[in-house]
Each structure stands twice: as C-alpha cells, then as structure tokens.
Amino acid sequence: MSPSQKAAAGVPLQKVVKELTDYAPLALAESWDNVGLLIEPYTARDVTSIMLTNDLTKPVMDECLEKNIDMIISYHPPIFVGKKRITNSNWKDQLISCCLENRIAVYSPHTTWDSVPGGLSDWLASAFGDRSEFESVNVLEPYSSFASPANHEFSLVVRVQFQSENYSTDYIKIRDDLTALGIAITPGTEKDQQEWYEYRGTCSKRVLSNVRSYLSSHSFPSGHVRYYEIYNRIPLPEPGTGGGRLLKLKKPMPIETAIDKMKSHLGVRHARIAYAVGANSNSLISSIALVPGSGAKPLSGVRADLYVTGEMLHHDVLAATHNNTSVLMTTHSDSERGFLTHFAQLLLTRLNQHGPVNVTVSAMDRDPIEVV
C-alpha cells in the first residue's frame, strides 16, 4: 500500500492534533525539546492533505505549495528557540512566514516519537528482526528517568485483593515496596477491609513507569493487586517507554551482516563503520545499542558490541572503539527518515475514522550530506 491516499474531504485540525498526541503524548518529549502544534492558521480549516518530512527545508516547502498541503508534520521542529520577530532575513523565518501566509499548520513530534513504544526507536531496532529474535530488549533512557517539574505529581489508589486471612505480612511488604518505588503513602488513608487493603498516595513523573510495571506484574502468595488508578495531568506511560534500545541477540551475527540489515532497512547505499580495536567485518556481535539521530550522550558508557546511530563526535567514536564497541553511523536524518513511511500508514488508519485525508511522505526531504 502506498503511503499516500486520495482524499475527498477533510479532518478538523484539532482532531488531527489529538490523534498525534494520543499516539505520542507531548509529555514524552525531553525537557529541552519544542514539540506539538507549532504553527496554527488563524482561520480554522479542515485538513485534507498532510506532508510528512524529517526536516522542513525550502525544497520541501516548495513541494508542499505545489501539492496544496494543509499541514506539515516535521519530525525536527522548524521552530526551536524563541523568536522576537519573523522576517525574511533568514531561511527559517522565511519558511515560517510562508506557512502563515498559506495557512499551513505545522506540527513537530521529535523526541516523543523516539520514546513512545512502537515508535522510532523500536522501528530502528526492527532492522535486526522482530522481538522473538532477541533475548531481551531494554530502553536506554527510560521515561521514568526524565527530569520532571516539582508540581507534576500524580495521585494513586492501589487496592489489593487477598485470598486468605494470612495476609498481614504481604500488605506490609506491598506498602514497603511502594515506598521504595518512590510513592509517598498518605498518612491515615490505608484501609484494612479484611478481604482487601487499600493504599493512597502520590508519586512524581520520574517513577511512573516503574510503578506501573510493579502493579501490573506483581503477585503474592495470599493475594494480588485487584486494581489501581493513577491520575492527574498526563497519561501513565506504557512499560518500555523511553529513548534508544539495547538488544541482546539470541544468535550472534557478523558485524557485516548487521551493517547490511541496517542499510537495507533504511534504504541507504552507504554507511560509516568504526570497528572496535581488534575487530573486523567478520567479528561476531551479541548485543546492539541503538539511538536514532545523534547518539553520543545516550550511548555513553553503554556496554554493547555495536552502537548504531546517525552520528557521533570523533572523540566519542574513539572512546567506543577502545572500549570493545564498534560504531555504525548512517548520517543523522537517514537514521530517522524511513520511519515516516511506516508512520504514514499508522496515521491514515487513525484519521480514517474522522474522514478521508491525503497523507504523503515528502519526495524532496533528504539528508544535507552526500557521499561523493
């Protein structure tokens, strides 16, 4: 199926935005990022055509004008820092001005797509097979580790259903476990109802993922968690939320095979490889750490046989290769761009319930660096 569908009617802009934020909540973005709806036309309009691009550049803008695009979803935010004026003095302001003049909405998901389960990080990992081929898949930067403003607290209610009267030890252990996870049990709110026990408390955003994993999977000899509620400003993240992935392979593969798999997955002819000291193309690898885009910071100190990312600084590459890790680099945007075709199908499915809309992946979007 082509990443484009013909459209006969439109979808209100706010419904498109809601589908985008339902898929990848803005709260998943890193604190420095600028995500969400960045440009909104003053006069409301239905969206009949959407263009997906990794970067909003002049060639992409010209393509959008030619195709009468109503909305641009640019993975990288074209507006990143605050502006005191919008003039034609530089290329980015020109693009913003053009969007405003032509009533084109602009949305950027950026690091929300990196973090959401099934998003860009998982798509990049799928170059090496599905999950059944991995011994384990772990998140390099779990959502629970992200910094959170002090006022982003969540309230929770946990009720444990007990199956016998011998539960006194378990309910104390559960309370201690919840406290160790970072939950502040509210004094005087615990309820002992013989058959079930209720806890109430609060927790911060940084521990949400761990709390949910515990409550979803933990059981005790005399009982189990009957239900729990966690509520406040943002949805509770799913387990596995966060940026980057660390793959443990069930069966080792040569580095050369890993390179070929990634190049095929991304649809690129060339990539750069820095072999670990003493390694070569036939060396076997059992673990792969990957980060779309720029991976130096999240990959720093990670133990893996191979790093896969878009770009890393020279000295970071040297440090990795001298720590028994080979580094595969594809260029920054080439490690991200292929996800757009995958996402186009996801978005079409979500928007079809509201009405037909045309979703297209830009033909003019490309990495600015070419191999010559």
# chains A, B, ... in the order shown; residues from 1 in each chain; ligands from 1
>>> closest_atom_pairs(of="stretch 320-345 of chain A", to="stretch 49-73 of chain A", cutoff="10 Å", atoms="only C-alpha atoms", output="tab-separated table")
residue	atom	partner	partner_atom	distance
A:Ser333	CA	A:Asn54	CA	6.9
A:Asp334	CA	A:Asn54	CA	9.1
A:Glu336	CA	A:Asn54	CA	7.4
A:Arg337	CA	A:Asn54	CA	5.8
A:Gly338	CA	A:Asn54	CA	9.2
A:Phe339	CA	A:Asn54	CA	9.4
A:Leu340	CA	A:Leu52	CA	6.5
A:Thr341	CA	A:Leu52	CA	8.4
A:Phe343	CA	A:Leu52	CA	8.9
A:Ala344	CA	A:Leu52	CA	7.6
>>> write_last_selection(atoms="C-alpha atoms", output="PDB file, in the first residue's frame")
ATOM      1  CA  SER A 333      18.446  12.079   9.381  1.00  0.00           C
ATOM      2  CA  ASP A 334      18.919   8.814   7.468  1.00  0.00           C
ATOM      3  CA  GLU A 336      15.133   8.646  11.225  1.00  0.00           C
ATOM      4  CA  ARG A 337      13.595   9.294   7.817  1.00  0.00           C
ATOM      5  CA  GLY A 338      12.469   5.762   7.000  1.00  0.00           C
ATOM      6  CA  PHE A 339      10.068   5.800   9.933  1.00  0.00           C
ATOM      7  CA  LEU A 340       7.951   8.391   8.107  1.00  0.00           C
ATOM      8  CA  THR A 341       6.625   5.871   5.568  1.00  0.00           C
ATOM      9  CA  PHE A 343       4.047   6.261  10.351  1.00  0.00           C
ATOM     10  CA  ALA A 344       2.077   7.451   7.301  1.00  0.00           C
TER      11      ALA A 344
END
>>> residues_around(residues="A:Leu313", least_positions_apart="3", cutoff="12 Å", atoms="only C-alpha atoms", output="ChimeraX atom specification")
/A:274,294-297,299-300,309-310,316-320,327,329,331-332
>>> atom_distance(atom1="atom CA of A:Ile172", atom2="atom CA of A:Leu156")
17.6 Å
>>> closest_residue(among="A:Ser213, A:Thr241, A:Thr321, A:Ser283", to="A:Ala258", atoms="only C-alpha atoms")
A:Ser283
>>> select_by_dssp(residues="stretch 49-203 of chain A", states="strand (DSSP E or B)", output="PyMOL selection string")
chain A and resi 49-53+71-74+105-108+134-142+153-162+184-185+191-192+196-203
>>> closest_atom_pairs(of="stretch 263-344 of chain A", to="stretch 121-126 of chain A", cutoff="9 Å", atoms="only C-alpha atoms", output="Markdown table")
| residue | atom | partner | partner_atom | distance |
| --- | --- | --- | --- | --- |
| A:His265 | CA | A:Leu124 | CA | 8.0 |
| A:Leu266 | CA | A:Leu124 | CA | 8.4 |
| A:Ile288 | CA | A:Ala125 | CA | 8.9 |
| A:Ala289 | CA | A:Ala125 | CA | 8.9 |
| A:Leu290 | CA | A:Ala125 | CA | 7.2 |
| A:Val291 | CA | A:Ser121 | CA | 6.6 |
| A:Pro292 | CA | A:Ser121 | CA | 6.5 |
| A:Ser335 | CA | A:Leu124 | CA | 7.5 |
| A:Glu336 | CA | A:Leu124 | CA | 8.0 |
| A:Gly338 | CA | A:Leu124 | CA | 8.8 |
| A:Phe339 | CA | A:Trp123 | CA | 6.8 |
| A:His342 | CA | A:Trp123 | CA | 8.5 |
>>> residues_around(residues="stretch 20-36 of chain A", least_positions_apart="5", cutoff="7 Å", atoms="only C-alpha atoms", output="ChimeraX atom specification")
/A:77,80,107-113,115-116,234
>>> write_last_selection(atoms="C-alpha atoms", output="short mmCIF file (atom, residue, chain, number, x, y, z; two decimals), in the first residue's frame")
data_model
loop_
_atom_site.label_atom_id
_atom_site.label_comp_id
_atom_site.auth_asym_id
_atom_site.auth_seq_id
_atom_site.Cartn_x
_atom_site.Cartn_y
_atom_site.Cartn_z
CA PRO A 77 10.91 21.24 14.90
CA PHE A 80 13.28 25.53 18.19
CA TYR A 107 3.36 20.01 13.93
CA SER A 108 6.58 18.50 15.29
CA PRO A 109 6.74 15.25 17.32
CA HIS A 110 10.56 14.90 17.59
CA THR A 111 11.60 13.11 20.82
CA THR A 112 8.03 11.96 21.59
CA TRP A 113 8.40 9.57 18.64
CA SER A 115 10.26 7.47 23.30
CA VAL A 116 6.82 6.02 22.50
CA ILE A 234 -0.77 13.24 31.75
#
>>> closest_residue(among="A:Val371, A:Leu351, A:Ala279, A:Leu13", to="A:Glu40", atoms="only C-alpha atoms")
A:Leu13
>>> residues_around(residues="stretch 130-140 of chain A", least_positions_apart="6", cutoff="7 Å", atoms="only C-alpha atoms", output="list in words")
Gly240, Gly242, Gly243, Gly244, Arg245, Leu246, Leu247, Lys248, Leu249, Lys250 and Pro298 of chain A
>>> select_by_dssp(residues="stretch 211-346 of chain A", states="alpha helix (DSSP H)", output="number ranges by chain")
A: 211-217, 255-266, 296-299, 314-321, 339-346
>>> atom_distance(atom1="atom CA of A:Met253", atom2="atom CA of A:Leu306")
11.0 Å
>>> residues_around(residues="A:Pro239", least_positions_apart="3", cutoff="9 Å", atoms="only C-alpha atoms", output="tab-separated table (two decimals) with C-alpha atoms, in the first residue's frame")
chain	number	residue	atom	x	y	z
A	117	PRO	CA	6.64	2.19	22.40
A	142	PRO	CA	13.62	5.02	30.40
A	143	TYR	CA	10.90	7.64	30.61
A	209	SER	CA	6.97	3.62	34.54
A	210	ASN	CA	8.47	1.57	37.38
A	212	ARG	CA	3.13	0.69	36.61
A	213	SER	CA	5.40	-2.26	35.87
A	242	GLY	CA	11.87	5.98	26.53
>>> residues_around(residues="stretch 174-179 of chain A", least_positions_apart="5", cutoff="8 Å", atoms="only C-alpha atoms", output="PyMOL selection string")
chain A and resi 184-185+199+211
>>> write_last_selection(atoms="N, CA and C atoms", output="compact mmCIF listing (two decimals), in the first residue's frame")
# COMPACT_ATOMS: atom_id res chain seq x y z
N ALA A 184 4.75 8.22 48.00
CA ALA A 184 4.54 8.73 49.35
C ALA A 184 3.13 8.33 49.79
N ILE A 185 3.04 7.32 50.66
CA ILE A 185 1.75 6.87 51.17
C ILE A 185 1.16 7.96 52.06
N TYR A 199 -4.36 1.41 49.55
CA TYR A 199 -3.32 2.40 49.79
C TYR A 199 -3.61 3.62 48.93
N VAL A 211 6.48 2.18 38.64
CA VAL A 211 5.29 1.91 39.46
C VAL A 211 4.31 1.07 38.67
>>> atom_distance(atom1="atom CA of A:Val372", atom2="atom CA of A:Ile259")
20.1 Å
